[in-house]
$ cat start_14.cif   # mmCIF, C-alpha atoms
data_target
loop_
_atom_site.label_atom_id
_atom_site.label_comp_id
_atom_site.auth_asym_id
_atom_site.auth_seq_id
_atom_site.Cartn_x
_atom_site.Cartn_y
_atom_site.Cartn_z
CA MET A 1 -4.44 43.68 37.34
CA GLU A 2 -4.44 46.70 39.66
CA HIS A 3 -1.25 48.08 38.06
CA ILE A 4 -2.51 47.96 34.47
CA THR A 5 -2.36 51.38 32.87
CA PHE A 6 -5.07 52.98 30.81
CA LEU A 7 -3.19 52.23 27.59
CA VAL A 8 -2.84 48.57 28.52
CA ALA A 9 -6.59 48.43 29.17
CA VAL A 10 -7.18 49.99 25.73
CA VAL A 11 -4.92 47.39 24.14
CA ILE A 12 -6.76 44.54 25.85
CA VAL A 13 -10.15 45.85 24.71
CA THR A 14 -8.82 46.33 21.17
CA ALA A 15 -7.36 42.80 21.20
CA LEU A 16 -10.75 41.39 22.13
CA ALA A 17 -12.32 43.50 19.36
CA PHE A 18 -9.86 41.91 16.93
CA ASP A 19 -10.83 38.50 18.31
CA PHE A 20 -14.48 39.34 17.63
CA THR A 21 -13.71 40.26 14.01
CA ASN A 22 -11.63 37.08 13.74
CA GLY A 23 -14.71 35.15 14.82
CA PHE A 24 -17.16 36.46 12.24
CA HIS A 25 -14.45 36.64 9.57
CA ASP A 26 -13.64 32.95 10.03
CA THR A 27 -17.08 31.44 10.66
CA ALA A 28 -16.97 30.40 7.02
CA ASN A 29 -13.95 28.20 7.70
CA ALA A 30 -16.01 25.75 9.70
CA MET A 31 -19.54 26.11 8.39
CA ALA A 32 -19.53 27.38 4.77
CA THR A 33 -19.68 23.94 3.15
CA SER A 34 -22.26 22.59 5.62
CA ILE A 35 -24.48 25.60 4.97
CA ALA A 36 -23.96 25.35 1.20
CA THR A 37 -24.94 21.65 1.09
CA GLY A 38 -27.89 22.12 3.43
CA ALA A 39 -26.43 19.87 6.11
CA LEU A 40 -27.07 22.61 8.67
CA ARG A 41 -29.37 25.62 8.72
CA PRO A 42 -27.34 28.86 8.77
CA LYS A 43 -28.30 30.02 12.27
CA VAL A 44 -27.86 26.55 13.76
CA ALA A 45 -24.46 26.25 12.08
CA VAL A 46 -23.06 29.47 13.54
CA ALA A 47 -24.43 28.63 17.00
CA ILE A 48 -22.67 25.24 16.99
CA SER A 49 -19.50 26.85 15.68
CA ALA A 50 -19.55 29.52 18.40
CA VAL A 51 -19.84 26.99 21.23
CA LEU A 52 -17.05 24.81 19.86
CA ASN A 53 -14.76 27.76 19.15
CA PHE A 54 -15.09 28.68 22.81
CA ALA A 55 -14.35 25.11 23.90
CA GLY A 56 -11.35 24.89 21.58
CA ALA A 57 -9.75 27.91 23.22
CA PHE A 58 -9.03 25.78 26.31
CA LEU A 59 -7.33 22.86 24.57
CA SER A 60 -3.86 24.32 23.95
CA VAL A 61 -1.70 27.42 24.42
CA LYS A 62 1.22 26.59 22.12
CA VAL A 63 0.16 29.03 19.38
CA ALA A 64 -0.30 31.75 22.01
CA SER A 65 3.28 31.16 23.12
CA THR A 66 4.49 31.48 19.53
CA ILE A 67 3.03 35.00 19.41
CA SER A 68 3.81 36.22 22.92
CA GLY A 69 7.39 34.98 22.95
CA GLY A 70 8.18 33.87 19.41
CA ILE A 71 7.45 36.35 16.62
CA VAL A 72 8.68 39.36 18.56
CA ASN A 73 11.65 39.72 20.87
CA GLU A 74 10.34 40.42 24.35
CA LYS A 75 13.71 41.90 25.34
CA ALA A 76 13.70 44.49 22.54
CA GLY A 77 11.42 46.94 24.32
CA ILE A 78 7.97 46.06 22.96
CA HIS A 79 5.43 48.40 24.56
CA PRO A 80 1.63 48.72 24.53
CA ALA A 81 1.47 51.49 21.89
CA VAL A 82 3.19 49.15 19.40
CA ILE A 83 0.78 46.32 20.15
CA PHE A 84 -2.18 48.69 19.86
CA ALA A 85 -0.98 49.80 16.42
CA ALA A 86 -0.58 46.16 15.37
CA LEU A 87 -4.19 45.43 16.31
CA VAL A 88 -5.45 48.49 14.43
CA GLY A 89 -3.77 47.30 11.23
CA ALA A 90 -5.18 43.79 11.65
CA ILE A 91 -8.75 44.92 12.42
CA LEU A 92 -8.97 47.34 9.50
CA TRP A 93 -7.69 44.71 7.05
CA ASN A 94 -10.14 42.14 8.46
CA LEU A 95 -13.06 44.50 7.97
CA LEU A 96 -12.00 45.53 4.47
CA THR A 97 -11.74 41.93 3.26
CA TRP A 98 -15.01 41.05 4.99
CA LEU A 99 -16.69 43.95 3.17
CA ARG A 100 -15.39 42.57 -0.14
CA GLY A 101 -16.43 39.02 0.78
CA LEU A 102 -12.84 37.80 0.49
CA PRO A 103 -11.77 34.97 2.81
CA SER A 104 -8.40 36.40 3.77
CA SER A 105 -6.35 35.33 6.77
CA SER A 106 -7.13 37.00 10.09
CA SER A 107 -4.02 35.31 11.41
CA HIS A 108 -1.74 36.83 8.79
CA ALA A 109 -3.39 40.21 9.32
CA LEU A 110 -2.43 39.98 12.97
CA TYR A 111 1.09 38.76 12.21
CA GLY A 112 1.58 41.47 9.60
CA GLY A 113 0.29 44.13 11.99
CA LEU A 114 2.59 42.91 14.74
CA ILE A 115 5.63 42.83 12.46
CA GLY A 116 4.98 46.24 10.88
CA ALA A 117 4.28 47.98 14.18
CA THR A 118 7.32 46.38 15.85
CA VAL A 119 9.70 47.36 13.03
CA VAL A 120 8.54 51.00 13.18
CA GLY A 121 8.15 51.25 16.95
CA VAL A 122 11.15 49.20 18.09
CA GLY A 123 13.35 48.36 15.11
CA LEU A 124 14.25 45.31 13.07
CA ASN A 125 15.80 43.65 16.10
CA GLY A 126 12.32 43.46 17.64
CA VAL A 127 11.19 40.77 15.17
CA ASN A 128 12.44 37.19 15.25
CA PHE A 129 12.45 36.68 11.50
CA SER A 130 13.58 33.05 11.77
CA VAL A 131 10.37 32.27 13.67
CA VAL A 132 8.35 34.23 11.11
CA VAL A 133 9.77 32.07 8.32
CA THR A 134 9.54 28.67 10.01
CA LYS A 135 6.23 29.04 11.87
CA ILE A 136 4.29 31.45 9.63
CA LEU A 137 5.54 31.75 6.04
CA ILE A 138 6.39 28.11 5.35
CA PRO A 139 3.10 26.83 6.87
CA ALA A 140 1.24 29.52 4.88
CA VAL A 141 2.51 28.03 1.63
CA ALA A 142 2.41 24.37 2.62
CA SER A 143 -0.86 24.09 4.57
CA PRO A 144 -3.39 24.85 1.78
CA ILE A 145 -1.51 22.51 -0.57
CA VAL A 146 -1.49 19.70 2.01
CA ALA A 147 -5.17 20.26 2.82
CA GLY A 148 -6.06 20.41 -0.88
CA LEU A 149 -4.30 17.14 -1.67
CA ALA A 150 -5.84 15.44 1.35
CA ALA A 151 -9.34 16.67 0.44
CA TRP A 152 -8.86 15.64 -3.20
CA GLY A 153 -7.88 12.12 -2.15
CA ALA A 154 -10.68 11.88 0.42
CA THR A 155 -13.25 13.05 -2.14
CA LYS A 156 -12.06 10.50 -4.70
CA MET A 157 -12.28 7.80 -2.05
CA ALA A 158 -15.77 8.90 -0.95
CA TYR A 159 -17.17 8.74 -4.48
CA LEU A 160 -15.38 5.46 -5.17
CA ILE A 161 -16.79 3.76 -2.08
CA THR A 162 -20.35 4.99 -2.71
CA ARG A 163 -20.41 4.71 -6.53
CA ARG A 164 -23.08 1.96 -6.52
CA ALA A 165 -25.13 3.27 -3.62
CA ASP A 166 -28.39 5.20 -3.89
CA GLU A 167 -27.59 8.88 -4.44
CA LYS A 168 -30.20 10.16 -1.98
CA SER A 169 -28.95 7.85 0.75
CA VAL A 170 -25.36 8.86 0.06
CA THR A 171 -26.20 12.55 0.24
CA LYS A 172 -28.16 12.10 3.46
CA GLY A 173 -25.35 10.09 5.04
CA PHE A 174 -22.65 12.61 4.14
CA LYS A 175 -24.79 15.52 5.35
CA THR A 176 -25.02 13.79 8.72
CA GLY A 177 -21.27 13.28 8.63
CA GLN A 178 -20.79 16.95 7.85
CA ILE A 179 -22.37 17.92 11.16
CA ALA A 180 -19.57 16.07 12.93
CA SER A 181 -16.76 17.17 10.58
CA ALA A 182 -17.81 20.84 10.60
CA SER A 183 -18.00 20.72 14.39
CA LEU A 184 -14.45 19.39 14.52
CA VAL A 185 -13.27 22.25 12.29
CA SER A 186 -14.83 24.72 14.74
CA LEU A 187 -13.13 23.03 17.66
CA ALA A 188 -9.81 23.04 15.80
CA HIS A 189 -10.29 26.70 14.87
CA GLY A 190 -10.68 27.56 18.55
CA THR A 191 -7.42 25.79 19.38
CA ASN A 192 -5.57 27.89 16.79
CA ASP A 193 -7.18 31.29 16.25
CA ALA A 194 -8.47 32.08 19.76
CA GLN A 195 -4.93 31.60 21.00
CA LYS A 196 -3.60 34.42 18.84
CA THR A 197 -5.49 37.00 20.86
CA MET A 198 -4.37 35.27 24.05
CA GLY A 199 -0.80 35.69 22.85
CA ILE A 200 -1.30 39.40 22.11
CA ILE A 201 -2.79 40.12 25.54
CA THR A 202 -0.10 38.07 27.25
CA LEU A 203 2.59 39.96 25.32
CA THR A 204 1.05 43.24 26.47
CA LEU A 205 1.08 42.16 30.11
CA VAL A 206 4.69 40.98 29.79
CA SER A 207 5.70 44.29 28.17
CA VAL A 208 4.60 46.27 31.26
CA GLY A 209 5.93 43.78 33.79
CA ASN A 210 2.60 42.36 34.94
CA LEU A 211 3.71 38.90 33.82
CA PRO A 212 7.20 37.36 33.64
CA LYS A 213 8.81 36.74 30.26
CA HIS A 214 7.64 33.55 28.50
CA ALA A 215 4.58 33.38 30.77
CA LEU A 216 1.56 31.37 29.66
CA PRO A 217 -1.81 33.14 29.26
CA PRO A 218 -3.68 33.56 32.59
CA THR A 219 -7.07 31.90 32.92
CA TRP A 220 -8.98 35.19 32.58
CA VAL A 221 -7.20 35.84 29.27
CA ILE A 222 -8.15 32.40 27.94
CA VAL A 223 -11.79 32.83 28.98
CA SER A 224 -12.16 36.37 27.57
CA ALA A 225 -10.50 35.45 24.26
CA GLY A 226 -12.69 32.38 23.93
CA LEU A 227 -15.84 34.39 24.60
CA ALA A 228 -14.89 37.14 22.14
CA ILE A 229 -14.22 34.77 19.24
CA ALA A 230 -17.37 32.78 20.07
CA LEU A 231 -19.53 35.91 20.02
CA GLY A 232 -18.03 37.01 16.71
CA THR A 233 -18.62 33.53 15.29
CA TYR A 234 -22.27 33.61 16.31
CA MET A 235 -22.75 36.92 14.48
CA GLY A 236 -21.99 35.02 11.25
CA GLY A 237 -19.68 36.43 8.59
CA TRP A 238 -22.31 35.82 5.93
CA ARG A 239 -20.41 37.56 3.11
CA ILE A 240 -17.44 35.25 3.46
CA ILE A 241 -19.62 32.19 4.07
CA ARG A 242 -21.24 32.89 0.71
CA SER A 243 -17.87 33.24 -1.03
CA MET A 244 -16.46 30.01 0.38
CA GLY A 245 -19.65 27.95 0.18
CA LYS A 246 -20.75 28.97 -3.31
CA GLY A 247 -17.88 31.00 -4.72
CA LEU A 248 -15.09 28.41 -4.94
CA THR A 249 -17.00 25.40 -6.24
CA ASP A 250 -20.49 23.94 -6.33
CA VAL A 251 -19.78 21.74 -3.34
CA ARG A 252 -21.78 18.56 -2.68
CA ALA A 253 -22.15 16.71 0.61
CA PRO A 254 -19.35 14.12 0.00
CA GLN A 255 -16.99 16.95 -1.02
CA GLY A 256 -17.95 19.04 2.00
CA PHE A 257 -17.30 16.14 4.35
CA ALA A 258 -13.92 15.45 2.72
CA ALA A 259 -12.86 19.11 2.83
CA GLU A 260 -13.83 19.51 6.48
CA SER A 261 -12.11 16.29 7.54
CA ALA A 262 -8.87 17.23 5.77
CA THR A 263 -9.00 20.72 7.26
CA THR A 264 -9.43 19.43 10.80
CA ALA A 265 -6.44 17.12 10.50
CA VAL A 266 -4.15 19.89 9.22
CA ILE A 267 -5.25 22.51 11.80
CA LEU A 268 -5.03 20.21 14.82
CA THR A 269 -1.60 18.97 13.74
CA SER A 270 -0.31 22.53 13.31
CA SER A 271 -1.78 23.64 16.66
CA HIS A 272 -0.02 20.75 18.39
CA MET A 273 3.28 21.88 16.80
CA GLY A 274 2.73 25.56 17.62
CA TYR A 275 2.40 26.71 14.00
CA GLY A 276 0.25 29.84 13.68
CA LEU A 277 -1.19 28.99 10.30
CA SER A 278 -4.17 30.50 8.56
CA THR A 279 -7.29 28.40 8.99
CA THR A 280 -8.81 30.36 6.10
CA GLN A 281 -6.10 29.19 3.73
CA VAL A 282 -6.32 25.61 4.97
CA VAL A 283 -10.11 25.49 4.49
CA SER A 284 -9.92 27.17 1.08
CA GLY A 285 -7.29 24.67 -0.04
CA GLY A 286 -9.48 21.83 1.21
CA ILE A 287 -12.54 23.13 -0.64
CA MET A 288 -10.60 23.52 -3.91
CA GLY A 289 -9.15 20.03 -3.54
CA ALA A 290 -12.61 18.61 -2.89
CA GLY A 291 -13.97 20.50 -5.90
CA LEU A 292 -11.31 19.01 -8.17
CA GLY A 293 -11.85 15.56 -6.68
CA GLY A 294 -15.58 15.46 -7.50
CA PRO A 295 -17.09 13.73 -10.52
CA LYS A 296 -17.35 16.99 -12.47
CA ALA A 297 -14.03 18.36 -11.16
CA GLN A 298 -14.48 22.11 -11.20
CA VAL A 299 -13.21 25.19 -9.41
CA HIS A 300 -14.32 28.79 -9.80
CA TRP A 301 -10.89 30.06 -10.76
CA SER A 302 -11.87 33.72 -10.79
CA MET A 303 -12.71 33.58 -7.08
CA ALA A 304 -9.66 31.40 -6.37
CA ARG A 305 -7.35 33.96 -8.00
CA ARG A 306 -8.88 36.82 -6.00
CA MET A 307 -8.38 34.84 -2.83
CA VAL A 308 -4.74 34.03 -3.58
CA TYR A 309 -4.02 37.69 -4.41
CA THR A 310 -5.61 38.68 -1.10
CA TRP A 311 -3.55 36.10 0.78
CA GLY A 312 -0.39 37.57 -0.67
CA LEU A 313 -1.41 41.12 0.18
CA THR A 314 -2.63 40.47 3.71
CA LEU A 315 0.63 40.40 5.63
CA PRO A 316 2.34 43.38 3.91
CA ALA A 317 -0.88 45.46 3.82
CA ALA A 318 -1.59 44.95 7.53
CA ALA A 319 2.09 45.61 8.27
CA THR A 320 1.99 48.91 6.35
CA VAL A 321 -1.15 50.16 8.11
CA ALA A 322 0.14 49.06 11.50
CA GLY A 323 3.54 50.66 10.85
CA ALA A 324 1.87 53.99 10.08
CA ALA A 325 -0.32 53.61 13.17
CA ALA A 326 2.75 52.85 15.32
CA PHE A 327 4.51 55.96 14.04
CA VAL A 328 1.55 58.12 15.14
CA ALA A 329 0.76 56.23 18.38
CA ASP A 330 4.38 56.53 19.50
CA ARG A 331 4.00 60.33 19.67
CA GLY A 332 2.21 60.07 23.00
CA THR A 333 -1.36 60.11 24.29
CA TRP A 334 -2.60 62.34 21.48
CA GLY A 335 -1.15 59.88 18.95
CA VAL A 336 -2.96 56.95 20.54
CA LEU A 337 -6.20 58.94 20.48
CA VAL A 338 -5.74 59.79 16.79
CA VAL A 339 -5.11 56.15 15.89
CA GLY A 340 -8.10 55.07 17.99
CA ALA A 341 -10.33 57.61 16.24
CA ALA A 342 -9.12 56.39 12.84
CA LEU A 343 -9.97 52.83 13.83
CA VAL A 344 -13.48 53.75 14.95
CA LEU A 345 -14.19 55.92 11.88
CA GLY A 346 -12.78 53.37 9.44
CA SER A 347 -14.70 50.50 11.02
CA GLY A 348 -17.91 52.51 11.09
CA ALA A 349 -17.56 53.55 7.45
CA MET A 350 -17.13 49.95 6.30
CA TRP A 351 -20.14 48.83 8.32
CA VAL A 352 -22.30 51.58 6.75
CA ILE A 353 -21.14 50.60 3.25
CA SER A 354 -21.95 46.93 3.97
CA ARG A 355 -25.59 47.83 4.68
CA ARG A 356 -26.12 48.88 1.06
CA GLN A 357 -26.05 45.24 -0.08
CA PRO A 358 -26.51 43.14 3.07
CA VAL A 359 -25.78 39.43 3.09
CA THR A 360 -27.76 37.55 5.73
CA ALA A 361 -28.65 34.01 6.74
CA GLY A 362 -31.58 34.29 4.32
CA ASN A 363 -29.56 34.94 1.15
CA VAL A 364 -26.20 33.42 2.07
CA ASN A 365 -26.59 30.57 -0.44
CA ASP A 366 -27.16 32.88 -3.40
CA VAL A 367 -24.40 32.72 -6.01
CA PRO A 368 -21.84 35.51 -5.38
CA ASP A 369 -20.98 38.15 -7.95
CA VAL A 370 -19.39 37.17 -11.27
CA THR A 371 -17.61 33.86 -11.17
CA GLU A 372 -15.64 32.12 -13.86
CA VAL A 373 -16.26 28.40 -13.70
CA THR A 374 -13.68 26.20 -15.41
CA PRO A 375 -14.51 22.50 -15.31
CA VAL A 376 -11.52 20.17 -15.45
CA PRO A 377 -12.47 17.52 -18.04
CA ALA A 378 -11.73 13.89 -17.30
CA PRO A 379 -9.29 12.37 -19.82
CA THR A 380 -10.73 10.03 -22.47
CA ALA A 381 -9.13 7.73 -24.98
CA SER A 382 -10.15 9.94 -27.89
CA ALA A 383 -9.39 13.24 -26.22
CA SER A 384 -6.84 15.51 -27.79
CA THR A 385 -6.49 18.97 -26.31
CA PRO A 386 -9.74 19.73 -24.48
CA SER A 387 -11.09 23.25 -24.53
CA PRO A 388 -12.39 24.15 -21.07
CA ALA A 389 -15.89 25.56 -21.00
CA THR A 390 -16.40 28.86 -19.29
CA THR A 391 -19.67 29.89 -17.70
CA THR A 392 -20.40 33.32 -16.27
CA VAL A 393 -23.00 33.54 -13.53
CA ALA A 394 -24.42 36.79 -12.19
CA ALA A 395 -25.59 37.05 -8.62
#
$ encode --input "start_14.cif" --output "structure tokens"
Amino acid sequence: MEHITFLVAVVIVTALAFDFTNGFHDTANAMATSIATGALRPKVAVAISAVLNFAGAFLSVKVASTISGGIVNEKAGIHPAVIFAALVGAILWNLLTWLRGLPSSSSHALYGGLIGATVVGVGLNGVNFSVVVTKILIPAVASPIVAGLAAWGATKMAYLITRRADEKSVTKGFKTGQIASASLVSLAHGTNDAQKTMGIITLTLVSVGNLPKHALPPTWVIVSAGLAIALGTYMGGWRIIRSMGKGLTDVRAPQGFAAESATTAVILTSSHMGYGLSTTQVVSGGIMGAGLGGPKAQVHWSMARRMVYTWGLTLPAAATVAGAAAFVADRGTWGVLVVGAALVLGSGAMWVISRRQPVTAGNVNDVPDVTEVTPVPAPTASASTPSPATTTVAA
């Protein structure tokens, strides 16, 4: 630690700042459905999620290794200014999507930032594109589909098993189950997302020779990354919690339990295999599958479309911003200072704008903006071509 330069220290602090934004950006992944169904009070939910995110950070380091020695080529001359630029691109995209209440992928923002900054600062040979395809792009497409199908099946099964039971008892039972399933999602989130910051810090230390190539994250890196994501989680990303809890579908307790259970299975499996997938996409897929699996089978397609567009934009947008930041930061100390100032000013501006229409624990379950609700009608013997009803709801 004594040989770490000032720039490396700046990168580490910025990485932990990204981890903090990752925490409040992704709180919705674990707790949105539990808050929406009333299984947990908002403040209690984020406190539980924060503790379990911290615990999850200690369970595995495979995803961290994918970032520190997988996406980028450690031998290509990666240096701290490039990593700093990557983090700037990821943080600004995280804050912009949080401001808009869009559950985008913090993971893909980080990957995009890392790829864009590396291409500009080092060259194409600095990125291992085969790893990007196999461990990022393919899981990005497959994971929400797998989670959606699993949640759809689990929801169908839940309603089938409880079809003759008392509705109040069923709701109460599934709300209790949601406490456990949402907690597991938080634990799984810690095993996947907290590791991404560990990987970035480890890559930085490797780039300046403080750690050998392919080194695992030191204990102090694991602890600091776990604390940063836990603190961000406790702050509560209420805008995105509202979008996922009320914006995608009118989720009920059996659907919430099914979505959370499917999500946990997908995330833990991917963490074990070292896939750096987006927990946001997995959870969103699970919620949509649960919505379609319910008795009234409906999804708010307007919100779903906005989310999918954002998913597609995240990686290239973060890469573009990070590439521009790398170009400036590579000029020397003055370039790093300019990029740092842009990060602070941009972050501050978005925070000020967010105060105009604050979303808090008190109003998080209000219906978000304008949402198009398209029920999926169940087929009947006399049905011909059903005309889906469309309802517009104002917040």
$ closest_residue --input "start_14.cif" --among "A:Lys196, A:Arg252, A:Arg355, A:His25" --to "A:Thr280" --atoms "only C-alpha atoms"
A:His25
$ residues_around --input "start_14.cif" --residues "A:Thr320" --least-positions-apart "5" --cutoff "8 Å" --atoms "only C-alpha atoms" --output "PyMOL selection string"
chain A and resi 89+113+116
$ resolve_selection --input "start_14.cif" --expression "the PyMOL selection byres ((chain A and resi 303-315) around 6)" --output "VMD selection string"
chain A and resid 104 108 to 109 112 300 to 302 316 to 318
$ write_last_selection --input "start_14.cif" --atoms "C-alpha atoms" --output "PDB file, in the coordinates of the input"
ATOM      1  CA  SER A 104      -8.400  36.400   3.770  1.00  0.00           C
ATOM      2  CA  HIS A 108      -1.740  36.830   8.790  1.00  0.00           C
ATOM      3  CA  ALA A 109      -3.390  40.210   9.320  1.00  0.00           C
ATOM      4  CA  GLY A 112       1.580  41.470   9.600  1.00  0.00           C
ATOM      5  CA  HIS A 300     -14.320  28.790  -9.800  1.00  0.00           C
ATOM      6  CA  TRP A 301     -10.890  30.060 -10.760  1.00  0.00           C
ATOM      7  CA  SER A 302     -11.870  33.720 -10.790  1.00  0.00           C
ATOM      8  CA  PRO A 316       2.340  43.380   3.910  1.00  0.00           C
ATOM      9  CA  ALA A 317      -0.880  45.460   3.820  1.00  0.00           C
ATOM     10  CA  ALA A 318      -1.590  44.950   7.530  1.00  0.00           C
TER      11      ALA A 318
END
$ resolve_selection --input "start_14.cif" --expression "the PyMOL selection byres ((chain A and resi 126) around 6)" --output "short mmCIF file (atom, residue, chain, number, x, y, z; two decimals) with C-alpha atoms, keeping the file's coordinate frame"
data_model
loop_
_atom_site.label_atom_id
_atom_site.label_comp_id
_atom_site.auth_asym_id
_atom_site.auth_seq_id
_atom_site.Cartn_x
_atom_site.Cartn_y
_atom_site.Cartn_z
CA VAL A 72 8.68 39.36 18.56
CA ASN A 73 11.65 39.72 20.87
CA ALA A 76 13.70 44.49 22.54
CA VAL A 122 11.15 49.20 18.09
CA GLY A 123 13.35 48.36 15.11
CA LEU A 124 14.25 45.31 13.07
CA ASN A 125 15.80 43.65 16.10
CA VAL A 127 11.19 40.77 15.17
#
$ closest_residue --input "start_14.cif" --among "A:Gly23, A:Gly291, A:Pro217, A:Gly153" --to "A:Gly247" --atoms "only C-alpha atoms"
A:Gly291
$ closest_residue --input "start_14.cif" --among "A:Val10, A:Met235, A:Leu292, A:Ala341" --to "A:Ser49" --atoms "only C-alpha atoms"
A:Met235
$ residues_near_point --input "start_14.cif" --point "(6.4, 39.5, 17.4)" --cutoff "12 Å" --atoms "all atoms listed in the file" --output "NGL selection string"
:A and (64-79 or 82-83 or 86 or 110-119 or 121-132 or 135-136 or 196 or 199-200 or 202-204 or 207 or 319)
$ atom_distance --input "start_14.cif" --atom1 "atom CA of A:Gly56" --atom2 "atom CA of A:Gln281"
19.1 Å
$ axis_aligned_box --input "start_14.cif" --around "stretch 5-14 of chain A" --padding-each-side "5 Å" --output "AutoDock Vina command-line options"
--center_x -6.3 --center_y 48.8 --center_z 27.0 --size_x 17.8 --size_y 18.4 --size_z 21.7
$ residues_around --input "start_14.cif" --residues "A:Gly173" --least-positions-apart "5" --cutoff "9 Å" --atoms "all atoms listed in the file" --output "list in words"
Lys168, Gln178, Ala253 and Pro254 of chain A
$ closest_residue --input "start_14.cif" --among "A:Thr162, A:Ser186, A:Thr360, A:Ser105" --to "A:Ala230" --atoms "all atoms listed in the file"
A:Ser186
$ resolve_selection --input "start_14.cif" --expression "the PyMOL selection byres ((chain A and resi 241) around 8)" --output "list in words"
Thr27, Ala28, Asn29, Met31, Ala32, Gly237, Trp238, Arg239, Ile240, Arg242, Ser243, Met244, Gly245 and Val364 of chain A
$ closest_residue --input "start_14.cif" --among "A:Arg41, A:Leu343, A:Ala57, A:Ala30" --to "A:Ala225" --atoms "only C-alpha atoms"
A:Ala57
$ atom_distance --input "start_14.cif" --atom1 "atom CA of A:Gly289" --atom2 "atom CA of A:Val141"
15.1 Å
